[in-house]
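To start, the structure under review is shown below, and the notes come after it.
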4 protein chains.
Amino acid sequence: MKVGFIGLGNMGSAIAGNLIKARHNLTVYNRTRSRAEWFASLGASIAETPSEAAAGAEVLITMLADDAALESVIFAPGNAIQTLPAGAIHISMSTISVSLSRRLAAAHGERKQHYVAATVFGRPDVAAAGKLWVVAGGSSGPIERCQPLFDAIGQKTFIAGEEAQAANVIKLAGNFMITTVIESLAEAFAFNRKSGVEPHTFLDILTNSLFPSPVYQTYGNLIASDKFDPAGFKLPLGFKDNHLLLAAAEEAKVPMPMASLVHDRFVTALAQGLAESDWAAIASLSFENAGLRKVATR
Amino acid sequence: MKVGFIGLGNMGSAIAGNLIKARHNLTVYNRTRSRAEWFASLGASIAETPSEAAAGAEVLITMLADDAALESVIFAPGNAIQTLPAGAIHISMSTISVSLSRRLAAAHGERKQHYVAATVFGRPDVAAAGKLWVVAGGSSGPIERCQPLFDAIGQKTFIAGEEAQAANVIKLAGNFMITTVIESLAEAFAFNRKSGVEPHTFLDILTNSLFPSPVYQTYGNLIASDKFDPAGFKLPLGFKDNHLLLAAAEEAKVPMPMASLVHDRFVTALAQGLAESDWAAIASLSFENAGLRKVATR
Amino acid sequence: MKVGFIGLGNMGSAIAGNLIKARHNLTVYNRTRSRAEWFASLGASIAETPSEAAAGAEVLITMLADDAALESVIFAPGNAIQTLPAGAIHISMSTISVSLSRRLAAAHGERKQHYVAATVFGRPDVAAAGKLWVVAGGSSGPIERCQPLFDAIGQKTFIAGEEAQAANVIKLAGNFMITTVIESLAEAFAFNRKSGVEPHTFLDILTNSLFPSPVYQTYGNLIASDKFDPAGFKLPLGFKDNHLLLAAAEEAKVPMPMASLVHDRFVTALAQGLAESDWAAIASLSFENAGLRKVATR
Amino acid sequence: MKVGFIGLGNMGSAIAGNLIKARHNLTVYNRTRSRAEWFASLGASIAETPSEAAAGAEVLITMLADDAALESVIFAPGNAIQTLPAGAIHISMSTISVSLSRRLAAAHGERKQHYVAATVFGRPDVAAAGKLWVVAGGSSGPIERCQPLFDAIGQKTFIAGEEAQAANVIKLAGNFMITTVIESLAEAFAFNRKSGVEPHTFLDILTNSLFPSPVYQTYGNLIASDKFDPAGFKLPLGFKDNHLLLAAAEEAKVPMPMASLVHDRFVTALAQGLAESDWAAIASLSFENAGLRKVATR
């Protein structure tokens, strides 16, 4: 398919690479042009502006850092929404606010374009392996047309619902679930350690019985080893997602005390200078509070 | 093996049944004698007192409701600790306090008896199927001697450490992990529901991607269906375990804010009259707080 | 003094009334003109636009609902900041974000105007009695020139500091303190009630010993009586201030778990339909959680 | 009056001193005899055992550290409850559990003795000045007979109710209120400091407007100065009271999330080695979490 692709960060690069490997025809745009050049060597075209990436595309994929970045490439003067052909599909993969997703659905609808929110679960190494889980929201027709693209980047596609933003709701809720695992493992490990049980002993039991799950395995190992650098997913990004969740929950009038607790952890971690660490570094606060260690970066 | 068995509640009955099936020689005691009689029909002997169950046993297994019940059968005048032969092993399977477990280890040691704390994960149906996960703490020699018993009741045995109470630490920490899953699912489902996403849609995605775990599947289904009766594990029992955890964490000087949050949920649930429901019924509070429903039992 | 006055809500009206009584020369503007007309009958002039209220004023006072309302009257095209004379003072009394206050200081400074943030403590009846507490932030010269105005509306003026937004920081922190009193009284009353002690007995002891304070008296009486209508200060306004506090604390990297707890209370209260009640109605959640009552509005 | 007095710690000594000054006839007992000797020099008799202090007394006053200490002097073999004459009054001033107070009322009633729970608010310096606030629970007759004693030690006596333990409920709830003030001031000061406002500026405004209360003044100054040594009331004592409150609230089925939050703070503070500091030292955790300082004692 003829694909415009905007946003070549860690996740975007891995996804774009797999699309090229699957022989899709990509025109890539990245704010920092040097990252785009590498894809040119693989056969992609380089767009000089977002609108150039969208012009003539069957599908425009965006994978950007936040609401502001996405709004800028889509809505700013001379923007992609004006050059994307009628009938084409915008697949938004970024973790953005539920309200912006709702706004995009409306804006594309007015222009007879299609909008699919396709959020993904998986860290960059999973994305590179083409093993992401894709959660797609929107009308079923456009989603079906995108299936070859999803197949190229993920191991499975889930349907979130007819409302595109359902995919964003699920992404934010899923990331919330991960943060509660990080926090609960941190508290449990601190309790185990001060009670004479090695975290890895406890983790081994957990993941071979009640919780045979990649999240418990991956984060359990990071936290049991008390090692949060280099980051797979940086702490401020996790904080951003927690923020988007609390904003959406507030709008929907749903109190989420565990999300509030995690919010306080993120703020504390940032005050302790952990902005470069993995988001799992909020676990170090439980260790420190229990008197087990000083925060590493001091 | 010649086994004394004390405590024939839901879990104890399932475990004793599997031991008999594996052709161990059981002498059973239960406060309410009628429950013991059924096991007599399967070939077990009936003891009239705890001390009679312990007399002459190679292994004494206890599976009782709480610290008070266990202290009473072991330490009360004319008690089991006095009739259990030197060299015999007391396997304590109950979910009890870390401090009582430590005290039992010392008391049995003084009498040249062995003490193994062997806590189990799994609900009564899992116990009946002989598929429990057993976590055994204590000296390796006695644990090895108990292995045939563990094999008869469980699918896997994990070694907690040389200190028997390590098994109790792990059991309390494991149950804590389950409560955090219940609470996080509750909050996430409330958020999904008020944002237009069906809980079962979200759960299906979770358990087929990040969380392919029996805990997420079992409790996720209960909570997504908002159905907590009849109880698999009654709410006051879950509250008791939360209480034991907080007491042990307090003694070890480990703050556990998620455990405190769950504590508040349990107290609220009891104030709402949910004592007969499954412990997962704390999830109903998130639904009610979000304005989604009234608590069922009102 | 020649005063432009924008914003004639409950608080604004009470303040403007006292300024007229003190023989200041007011030109008033309100979005809903009818409220302005009453002040005309007391001798004030009516402005048809914000910029007309600012034109020729020695002092421009704004008392508006939120950031958006204040930004609109000050910064919108044909706005007050363009007509306010150089050397004149803008006194912002609204409870707004710390960041907007910082931005206003810069914008007025560029135009050689002065900016004073003068936040106030006190409910509408206190404002009507001219007994507000005024917290003024900004350069000392302009604050001194405003003192006759502050004297007309309040019983005391406190100096927050040379940075104008210090007054906003203090206002948000002060309102946070009030919310913690509301929540702590609610929990304590629930505990007293279920333990056989009348809330008024407990309150009487508190306010005649440790806490002889108007906040404990006023809110203690509301909460002990479990009566939150009609509202003195509506719940969504309290929520807004909690939101502003958390945003400012997040920006300053300060975790505030009590503020997060209060946030969850506000969200719950809104989900329960308490938007028309006094902000102290978050206390009803403690009563309901303890099984003492159903929320009134159901 | 003829008074037996048991427990000469900081508070007990100050109270006993004021009773002697008011010419009451004291027989004192203290586990560490040396403390009693000083009172002998003021004219008191010394008892060698608790029962000797109770024998022949019109009133027995106990002011002890905790439930265990009080149970031991009253109920242990050869104990005070056996020598206290029928018709005499036991005034329990200790901060003890609600359930022990209830048990004492019953035990004394069986022996035709009277039981008054008279808890006090005020730190040791307030006790020394005879300015305590006394909260008395029990039958009105005995309370009236005790009034001269209360007048000698306090500035005011409040009646809690006919059930003696009401005084303990109020004491625990009152101390809870103080802990919430400590925590809220800590969070507010951290926010002020990182936003450029001096804590003393904020405190001065608070205590001269909304919160003219000794608790805000005393603790506000301690916390604003970030100085928690030497202790006026040691942190483990505050933790004990928080523990008693949570136990009583749990029994009464009242969730108290703020008390849970304070519980977590106390556990953290003990893990940080702050056991010798004033209970207000939990405030240092807010400062540390915000990145403002390291905990002093490290």
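Identifiers in this document derive from the order of the structure tokens: chains are assigned A, B, ..., residues are numbered from 1 separately in each chain, and ligands are numbered from 1 in order of occurrence.
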task: Determine, counting only C-alpha atoms, which protein, DNA and RNA residues have an atom within 8 Å of an atom of range 82-93 of chain A; residues of the same chain fewer than 4 positions away are not included. Present the result as an MDAnalysis selection string.
output: chainID A and resid 51:52 54:64 78 111:120 142
Please, which residues of range 82-215 of chain B, numbered as in this document, come out strand (DSSP E) from DSSP, as a PDB file with N, CA and C atoms, in the first residue's frame?
```
ATOM      1  N   ILE B  89       7.145 -34.430  61.629  1.00  0.00           N
ATOM      2  CA  ILE B  89       7.098 -33.115  60.967  1.00  0.00           C
ATOM      3  C   ILE B  89       5.703 -32.509  61.091  1.00  0.00           C
ATOM      4  N   HIS B  90       5.638 -31.243  61.512  1.00  0.00           N
ATOM      5  CA  HIS B  90       4.373 -30.510  61.452  1.00  0.00           C
ATOM      6  C   HIS B  90       4.383 -29.648  60.195  1.00  0.00           C
ATOM      7  N   ILE B  91       3.456 -29.955  59.297  1.00  0.00           N
ATOM      8  CA  ILE B  91       3.301 -29.111  58.103  1.00  0.00           C
ATOM      9  C   ILE B  91       2.131 -28.170  58.336  1.00  0.00           C
ATOM     10  N   SER B  92       2.432 -26.873  58.440  1.00  0.00           N
ATOM     11  CA  SER B  92       1.363 -25.892  58.652  1.00  0.00           C
ATOM     12  C   SER B  92       0.987 -25.282  57.314  1.00  0.00           C
ATOM     13  N   HIS B 114      10.140 -31.431  63.693  1.00  0.00           N
ATOM     14  CA  HIS B 114      10.432 -30.557  62.558  1.00  0.00           C
ATOM     15  C   HIS B 114       9.210 -29.720  62.223  1.00  0.00           C
ATOM     16  N   TYR B 115       9.481 -28.558  61.683  1.00  0.00           N
ATOM     17  CA  TYR B 115       8.369 -27.676  61.307  1.00  0.00           C
ATOM     18  C   TYR B 115       8.574 -27.206  59.874  1.00  0.00           C
ATOM     19  N   VAL B 116       7.567 -27.432  59.058  1.00  0.00           N
ATOM     20  CA  VAL B 116       7.581 -26.956  57.683  1.00  0.00           C
ATOM     21  C   VAL B 116       6.343 -26.090  57.463  1.00  0.00           C
ATOM     22  N   ALA B 117       6.557 -24.869  56.997  1.00  0.00           N
ATOM     23  CA  ALA B 117       5.407 -24.050  56.601  1.00  0.00           C
ATOM     24  C   ALA B 117       5.184 -24.299  55.123  1.00  0.00           C
ATOM     25  N   ALA B 118       4.037 -24.841  54.776  1.00  0.00           N
ATOM     26  CA  ALA B 118       3.765 -25.133  53.361  1.00  0.00           C
ATOM     27  C   ALA B 118       2.451 -24.474  52.983  1.00  0.00           C
ATOM     28  N   THR B 119       2.569 -23.250  52.505  1.00  0.00           N
ATOM     29  CA  THR B 119       1.363 -22.514  52.129  1.00  0.00           C
ATOM     30  C   THR B 119       1.000 -22.867  50.697  1.00  0.00           C
ATOM     31  N   VAL B 120      -0.250 -22.628  50.357  1.00  0.00           N
ATOM     32  CA  VAL B 120      -0.715 -23.039  49.026  1.00  0.00           C
ATOM     33  C   VAL B 120      -1.449 -21.905  48.321  1.00  0.00           C
ATOM     34  N   PHE B 121      -1.315 -21.853  47.006  1.00  0.00           N
ATOM     35  CA  PHE B 121      -2.096 -20.938  46.172  1.00  0.00           C
ATOM     36  C   PHE B 121      -3.085 -21.741  45.346  1.00  0.00           C
ATOM     37  N   LEU B 132      -2.842 -27.529  43.258  1.00  0.00           N
ATOM     38  CA  LEU B 132      -2.350 -26.387  44.024  1.00  0.00           C
ATOM     39  C   LEU B 132      -0.887 -26.094  43.691  1.00  0.00           C
ATOM     40  N   TRP B 133      -0.484 -24.855  43.971  1.00  0.00           N
ATOM     41  CA  TRP B 133       0.934 -24.529  44.003  1.00  0.00           C
ATOM     42  C   TRP B 133       1.338 -24.515  45.465  1.00  0.00           C
ATOM     43  N   VAL B 134       2.349 -25.282  45.791  1.00  0.00           N
ATOM     44  CA  VAL B 134       2.786 -25.392  47.180  1.00  0.00           C
ATOM     45  C   VAL B 134       4.079 -24.594  47.358  1.00  0.00           C
ATOM     46  N   VAL B 135       4.128 -23.790  48.409  1.00  0.00           N
ATOM     47  CA  VAL B 135       5.331 -23.024  48.733  1.00  0.00           C
ATOM     48  C   VAL B 135       5.817 -23.513  50.093  1.00  0.00           C
ATOM     49  N   ALA B 136       6.983 -24.175  50.108  1.00  0.00           N
ATOM     50  CA  ALA B 136       7.439 -24.820  51.330  1.00  0.00           C
ATOM     51  C   ALA B 136       8.659 -24.123  51.915  1.00  0.00           C
ATOM     52  N   GLY B 137       8.572 -23.805  53.199  1.00  0.00           N
ATOM     53  CA  GLY B 137       9.699 -23.190  53.904  1.00  0.00           C
ATOM     54  C   GLY B 137      10.139 -24.061  55.062  1.00  0.00           C
ATOM     55  N   GLY B 154      -0.587 -31.059  44.837  1.00  0.00           N
ATOM     56  CA  GLY B 154      -0.289 -29.884  44.019  1.00  0.00           C
ATOM     57  C   GLY B 154       0.365 -30.227  42.710  1.00  0.00           C
ATOM     58  N   GLN B 155       0.417 -29.232  41.822  1.00  0.00           N
ATOM     59  CA  GLN B 155       1.061 -29.434  40.534  1.00  0.00           C
ATOM     60  C   GLN B 155       2.531 -29.072  40.578  1.00  0.00           C
ATOM     61  N   LYS B 156       2.943 -28.324  41.624  1.00  0.00           N
ATOM     62  CA  LYS B 156       4.325 -27.878  41.676  1.00  0.00           C
ATOM     63  C   LYS B 156       4.655 -27.426  43.095  1.00  0.00           C
ATOM     64  N   THR B 157       5.878 -27.698  43.520  1.00  0.00           N
ATOM     65  CA  THR B 157       6.325 -27.246  44.836  1.00  0.00           C
ATOM     66  C   THR B 157       7.473 -26.264  44.661  1.00  0.00           C
ATOM     67  N   PHE B 158       7.345 -25.117  45.322  1.00  0.00           N
ATOM     68  CA  PHE B 158       8.414 -24.122  45.309  1.00  0.00           C
ATOM     69  C   PHE B 158       9.084 -24.088  46.672  1.00  0.00           C
ATOM     70  N   ILE B 159      10.399 -23.877  46.679  1.00  0.00           N
ATOM     71  CA  ILE B 159      11.127 -23.797  47.946  1.00  0.00           C
ATOM     72  C   ILE B 159      11.272 -22.321  48.347  1.00  0.00           C
ATOM     73  N   ALA B 160      10.739 -21.977  49.527  1.00  0.00           N
ATOM     74  CA  ALA B 160      10.745 -20.583  49.967  1.00  0.00           C
ATOM     75  C   ALA B 160      12.052 -20.197  50.613  1.00  0.00           C
ATOM     76  N   GLY B 161      12.698 -21.138  51.301  1.00  0.00           N
ATOM     77  CA  GLY B 161      13.953 -20.841  51.999  1.00  0.00           C
ATOM     78  C   GLY B 161      14.067 -21.686  53.246  1.00  0.00           C
TER      79      GLY B 161
END
```
task: Grab the CA of Ala188 in chain A to CA of Ser209 in chain B distance for me, in Å with one decimal place.
output: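 Computing it gives 23.7 Å between the two atoms.
Nearest to chain A of all the residues B:Asn242, B:Ser284, B:Ser260, B:Asn192 is B:Asn192, based on only C-alpha atoms.
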- request: Skip range 265-279 of chain D itself and residues of its chain fewer than 6 positions away, then list as JSON, numbers by chain all residues within 10 Å of it, counting only C-alpha atoms.
  value: {"A": [286, 288, 289, 290, 291, 292], "B": [249, 250, 251, 252, 253, 254, 255, 256, 257], "D": [179, 182, 183, 219, 222, 227, 228, 229, 230, 231, 232, 233, 234, 235, 236, 237, 238, 239, 240, 242, 243, 259, 285, 286, 295, 296, 297, 298]}
field: Residues near Val181 in chain B, cut-off 12 Å, only C-alpha atoms, skip fewer than 2 positions along chain, as a ChimeraX atom specification
entry: /A:176-185,210-211,216,258 /B:174-179,183-189,211,213-220,223,258-259,262,279-280,282-283
Any chance you could export the current selection's C-alpha atoms as an mmCIF file, in the first residue's frame?
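Resulting contents of part36.cif:
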```
data_model
loop_
_atom_site.group_PDB
_atom_site.id
_atom_site.type_symbol
_atom_site.label_atom_id
_atom_site.label_comp_id
_atom_site.auth_asym_id
_atom_site.auth_seq_id
_atom_site.Cartn_x
_atom_site.Cartn_y
_atom_site.Cartn_z
ATOM 1 C CA PHE A 176 -2.498 1.940 33.926
ATOM 2 C CA MET A 177 -2.633 -1.819 34.558
ATOM 3 C CA ILE A 178 1.116 -2.038 33.939
ATOM 4 C CA THR A 179 1.830 0.764 36.395
ATOM 5 C CA THR A 180 -0.186 -1.000 39.086
ATOM 6 C CA VAL A 181 1.893 -4.132 38.501
ATOM 7 C CA ILE A 182 5.100 -2.130 38.852
ATOM 8 C CA GLU A 183 3.913 -0.550 42.093
ATOM 9 C CA SER A 184 2.550 -3.776 43.575
ATOM 10 C CA LEU A 185 5.745 -5.686 42.734
ATOM 11 C CA LEU A 210 -0.499 -17.157 39.392
ATOM 12 C CA PHE A 211 1.118 -14.698 36.993
ATOM 13 C CA TYR A 216 5.279 -9.669 35.465
ATOM 14 C CA MET A 258 -4.601 3.527 42.330
ATOM 15 C CA GLY B 174 1.019 -13.367 46.911
ATOM 16 C CA ASN B 175 -2.468 -12.710 48.214
ATOM 17 C CA PHE B 176 -1.605 -9.021 48.309
ATOM 18 C CA MET B 177 -0.696 -9.239 44.623
ATOM 19 C CA ILE B 178 -4.117 -10.740 43.900
ATOM 20 C CA THR B 179 -5.919 -7.956 45.751
ATOM 21 C CA GLU B 183 -8.632 -3.369 42.599
ATOM 22 C CA SER B 184 -6.838 -2.355 39.401
ATOM 23 C CA LEU B 185 -9.285 -4.323 37.241
ATOM 24 C CA ALA B 186 -12.175 -2.696 39.082
ATOM 25 C CA GLU B 187 -10.871 0.791 38.435
ATOM 26 C CA ALA B 188 -9.995 -0.016 34.832
ATOM 27 C CA PHE B 189 -13.407 -1.564 34.143
ATOM 28 C CA PHE B 211 -1.696 -10.677 31.099
ATOM 29 C CA SER B 213 -2.625 -15.290 33.720
ATOM 30 C CA PRO B 214 -5.220 -17.304 35.639
ATOM 31 C CA VAL B 215 -5.658 -14.529 38.184
ATOM 32 C CA TYR B 216 -6.553 -11.992 35.519
ATOM 33 C CA GLN B 217 -8.823 -14.494 33.800
ATOM 34 C CA THR B 218 -10.654 -15.706 36.910
ATOM 35 C CA TYR B 219 -11.094 -12.396 38.666
ATOM 36 C CA GLY B 220 -11.464 -10.447 35.458
ATOM 37 C CA ILE B 223 -15.562 -8.448 38.053
ATOM 38 C CA MET B 258 -1.518 -0.210 47.943
ATOM 39 C CA ALA B 259 -2.171 -2.613 50.808
ATOM 40 C CA VAL B 262 -7.092 -2.340 49.772
ATOM 41 C CA TRP B 279 -13.429 -10.989 48.254
ATOM 42 C CA ALA B 280 -13.464 -9.685 44.665
ATOM 43 C CA ILE B 282 -14.406 -4.892 46.741
ATOM 44 C CA ALA B 283 -14.542 -4.206 43.005
#
```
Among range 26-266 of chain D, which residues does DSSP mark as alpha helix (DSSP H) when it is run on the backbone? Keep the chain and numbering as in the structure and answer as an mmCIF file with C-alpha atoms, in the first residue's frame.
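Contents of part_0.cif, freshly written:
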```
data_model
loop_
_atom_site.group_PDB
_atom_site.id
_atom_site.type_symbol
_atom_site.label_atom_id
_atom_site.label_comp_id
_atom_site.auth_asym_id
_atom_site.auth_seq_id
_atom_site.Cartn_x
_atom_site.Cartn_y
_atom_site.Cartn_z
ATOM 1 C CA ARG D 33 11.060 3.716 91.813
ATOM 2 C CA SER D 34 13.481 6.652 91.528
ATOM 3 C CA ARG D 35 10.865 8.787 89.787
ATOM 4 C CA ALA D 36 8.495 8.229 92.707
ATOM 5 C CA GLU D 37 11.026 9.405 95.240
ATOM 6 C CA TRP D 38 10.981 12.942 93.990
ATOM 7 C CA PHE D 39 7.253 13.089 94.749
ATOM 8 C CA ALA D 40 7.893 11.777 98.258
ATOM 9 C CA PRO D 50 0.156 -1.064 92.129
ATOM 10 C CA SER D 51 -2.194 -2.782 94.553
ATOM 11 C CA GLU D 52 -0.715 -0.811 97.440
ATOM 12 C CA ALA D 53 -1.432 2.434 95.549
ATOM 13 C CA ALA D 54 -5.045 1.367 95.058
ATOM 14 C CA ASP D 67 -2.791 -1.270 76.935
ATOM 15 C CA ALA D 68 -0.261 -3.826 78.137
ATOM 16 C CA ALA D 69 1.064 -1.601 80.918
ATOM 17 C CA LEU D 70 -2.425 -0.735 82.121
ATOM 18 C CA GLU D 71 -3.677 -4.320 81.952
ATOM 19 C CA SER D 72 -0.677 -5.414 83.946
ATOM 20 C CA VAL D 73 -1.212 -2.993 86.868
ATOM 21 C CA ILE D 74 -4.977 -3.519 86.964
ATOM 22 C CA PHE D 75 -5.522 -7.166 86.095
ATOM 23 C CA ALA D 80 -4.982 -2.977 91.803
ATOM 24 C CA ILE D 81 -8.531 -3.961 90.908
ATOM 25 C CA GLN D 82 -8.608 -6.286 93.929
ATOM 26 C CA THR D 83 -7.463 -3.692 96.471
ATOM 27 C CA VAL D 98 -11.469 1.573 72.960
ATOM 28 C CA SER D 99 -11.952 -2.117 73.642
ATOM 29 C CA LEU D 100 -9.791 -2.155 76.781
ATOM 30 C CA SER D 101 -11.687 0.852 78.092
ATOM 31 C CA ARG D 102 -14.954 -0.993 77.528
ATOM 32 C CA ARG D 103 -13.540 -4.020 79.336
ATOM 33 C CA LEU D 104 -12.393 -1.926 82.290
ATOM 34 C CA ALA D 105 -15.857 -0.395 82.674
ATOM 35 C CA ALA D 106 -17.340 -3.876 82.932
ATOM 36 C CA ALA D 107 -14.684 -5.217 85.299
ATOM 37 C CA HIS D 108 -14.976 -2.315 87.721
ATOM 38 C CA GLY D 109 -18.756 -2.455 87.554
ATOM 39 C CA GLU D 110 -18.710 -6.075 88.678
ATOM 40 C CA PRO D 124 3.886 17.921 78.648
ATOM 41 C CA ASP D 125 4.480 21.673 78.997
ATOM 42 C CA VAL D 126 0.727 22.250 78.918
ATOM 43 C CA ALA D 127 0.265 19.531 81.532
ATOM 44 C CA ALA D 128 2.916 21.132 83.752
ATOM 45 C CA SER D 140 -22.216 11.661 85.771
ATOM 46 C CA GLY D 141 -22.041 11.054 89.534
ATOM 47 C CA PRO D 142 -18.466 9.809 89.622
ATOM 48 C CA ILE D 143 -17.393 12.406 87.081
ATOM 49 C CA GLU D 144 -18.740 15.174 89.320
ATOM 50 C CA ARG D 145 -16.843 13.790 92.275
ATOM 51 C CA CYS D 146 -13.660 13.923 90.198
ATOM 52 C CA GLN D 147 -14.140 17.523 89.160
ATOM 53 C CA PRO D 148 -11.789 18.995 91.793
ATOM 54 C CA LEU D 149 -9.044 16.766 90.438
ATOM 55 C CA PHE D 150 -9.763 17.786 86.854
ATOM 56 C CA ASP D 151 -9.738 21.437 87.929
ATOM 57 C CA ALA D 152 -6.288 20.994 89.417
ATOM 58 C CA ILE D 153 -4.795 19.693 86.192
ATOM 59 C CA ALA D 166 -16.492 7.664 74.519
ATOM 60 C CA ALA D 167 -13.563 9.583 76.017
ATOM 61 C CA ASN D 168 -11.151 7.184 74.346
ATOM 62 C CA VAL D 169 -12.960 7.461 71.034
ATOM 63 C CA ILE D 170 -12.652 11.234 71.231
ATOM 64 C CA LYS D 171 -8.998 11.103 72.260
ATOM 65 C CA LEU D 172 -8.090 8.852 69.331
ATOM 66 C CA ALA D 173 -10.141 10.938 66.916
ATOM 67 C CA GLY D 174 -8.560 14.112 68.259
ATOM 68 C CA ASN D 175 -5.041 12.792 67.806
ATOM 69 C CA PHE D 176 -6.020 11.703 64.323
ATOM 70 C CA MET D 177 -7.072 15.299 63.607
ATOM 71 C CA ILE D 178 -3.643 16.491 64.735
ATOM 72 C CA THR D 179 -1.861 14.036 62.458
ATOM 73 C CA THR D 180 -3.878 15.250 59.484
ATOM 74 C CA VAL D 181 -2.821 18.800 60.279
ATOM 75 C CA ILE D 182 0.829 17.726 60.429
ATOM 76 C CA GLU D 183 0.577 15.963 57.089
ATOM 77 C CA SER D 184 -1.384 18.727 55.367
ATOM 78 C CA LEU D 185 1.038 21.402 56.613
ATOM 79 C CA ALA D 186 3.952 19.284 55.396
ATOM 80 C CA GLU D 187 2.505 18.968 51.912
ATOM 81 C CA ALA D 188 1.513 22.635 51.788
ATOM 82 C CA PHE D 189 4.934 23.801 52.972
ATOM 83 C CA ALA D 190 6.704 21.613 50.407
ATOM 84 C CA PHE D 191 4.491 23.112 47.719
ATOM 85 C CA ASN D 192 5.091 26.647 48.966
ATOM 86 C CA ARG D 193 8.846 26.178 49.238
ATOM 87 C CA LYS D 194 9.221 24.824 45.724
ATOM 88 C CA PRO D 199 6.736 28.379 54.886
ATOM 89 C CA HIS D 200 6.708 30.960 57.691
ATOM 90 C CA THR D 201 4.995 33.478 55.396
ATOM 91 C CA PHE D 202 2.309 30.944 54.590
ATOM 92 C CA LEU D 203 1.998 29.863 58.224
ATOM 93 C CA ASP D 204 1.691 33.441 59.417
ATOM 94 C CA ILE D 205 -1.185 34.027 57.009
ATOM 95 C CA LEU D 206 -2.916 30.776 57.972
ATOM 96 C CA THR D 207 -2.726 31.267 61.712
ATOM 97 C CA PRO D 214 -2.660 26.199 68.875
ATOM 98 C CA VAL D 215 -2.204 23.027 66.836
ATOM 99 C CA TYR D 216 -1.493 24.975 63.660
ATOM 100 C CA GLN D 217 0.782 27.354 65.537
ATOM 101 C CA THR D 218 2.768 24.722 67.432
ATOM 102 C CA TYR D 219 3.170 22.191 64.689
ATOM 103 C CA GLY D 220 3.344 24.791 61.971
ATOM 104 C CA ASN D 221 6.416 26.272 63.621
ATOM 105 C CA LEU D 222 8.067 22.902 64.125
ATOM 106 C CA ILE D 223 7.487 21.890 60.544
ATOM 107 C CA ALA D 224 8.293 25.243 58.948
ATOM 108 C CA LEU D 235 7.029 9.357 66.929
ATOM 109 C CA PRO D 236 6.413 5.764 68.090
ATOM 110 C CA LEU D 237 3.785 7.064 70.523
ATOM 111 C CA GLY D 238 1.999 8.827 67.698
ATOM 112 C CA PHE D 239 2.213 5.648 65.659
ATOM 113 C CA LYS D 240 0.713 3.699 68.556
ATOM 114 C CA ASP D 241 -2.253 6.076 68.673
ATOM 115 C CA ASN D 242 -2.729 5.838 64.915
ATOM 116 C CA HIS D 243 -2.694 2.083 65.324
ATOM 117 C CA LEU D 244 -5.332 2.198 68.072
ATOM 118 C CA LEU D 245 -7.490 4.442 65.924
ATOM 119 C CA LEU D 246 -7.298 2.157 62.898
ATOM 120 C CA ALA D 247 -8.089 -0.867 65.079
ATOM 121 C CA ALA D 248 -11.130 0.852 66.595
ATOM 122 C CA ALA D 249 -12.270 2.113 63.185
ATOM 123 C CA GLU D 250 -11.866 -1.353 61.727
ATOM 124 C CA GLU D 251 -13.952 -2.812 64.525
ATOM 125 C CA PRO D 257 -8.190 6.776 54.177
ATOM 126 C CA MET D 258 -6.425 9.752 55.740
ATOM 127 C CA ALA D 259 -5.569 7.634 58.762
ATOM 128 C CA SER D 260 -4.208 4.980 56.411
ATOM 129 C CA LEU D 261 -2.074 7.570 54.682
ATOM 130 C CA VAL D 262 -0.715 8.731 58.027
ATOM 131 C CA HIS D 263 -0.090 5.091 58.970
ATOM 132 C CA ASP D 264 2.098 4.690 55.891
ATOM 133 C CA ARG D 265 3.982 7.858 56.836
ATOM 134 C CA PHE D 266 4.689 6.548 60.335
#
```
task: For Ser45 in chain D, please output as a list in words all residues within 7 Å (counting only C-alpha atoms; exclusion window: fewer than 4 positions along the same chain).
output: Leu26, Thr27, Val28 and Ala40 of chain D
Dump as a CSV table (one decimal), in the first residue's frame, selection limited to N, CA and C atoms:
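Output (out.csv):
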```
chain,number,residue,atom,x,y,z
D,26,LEU,N,-1.6,12.2,97.9
D,26,LEU,CA,-1.2,11.2,96.9
D,26,LEU,C,-0.4,10.0,97.4
D,27,THR,N,-0.7,8.8,96.9
D,27,THR,CA,0.2,7.7,97.1
D,27,THR,C,0.6,7.3,95.7
D,28,VAL,N,1.9,7.4,95.4
D,28,VAL,CA,2.3,7.2,94.0
D,28,VAL,C,3.0,5.9,93.8
D,40,ALA,N,7.9,11.9,96.8
D,40,ALA,CA,7.9,11.8,98.3
D,40,ALA,C,8.4,13.1,98.9
```
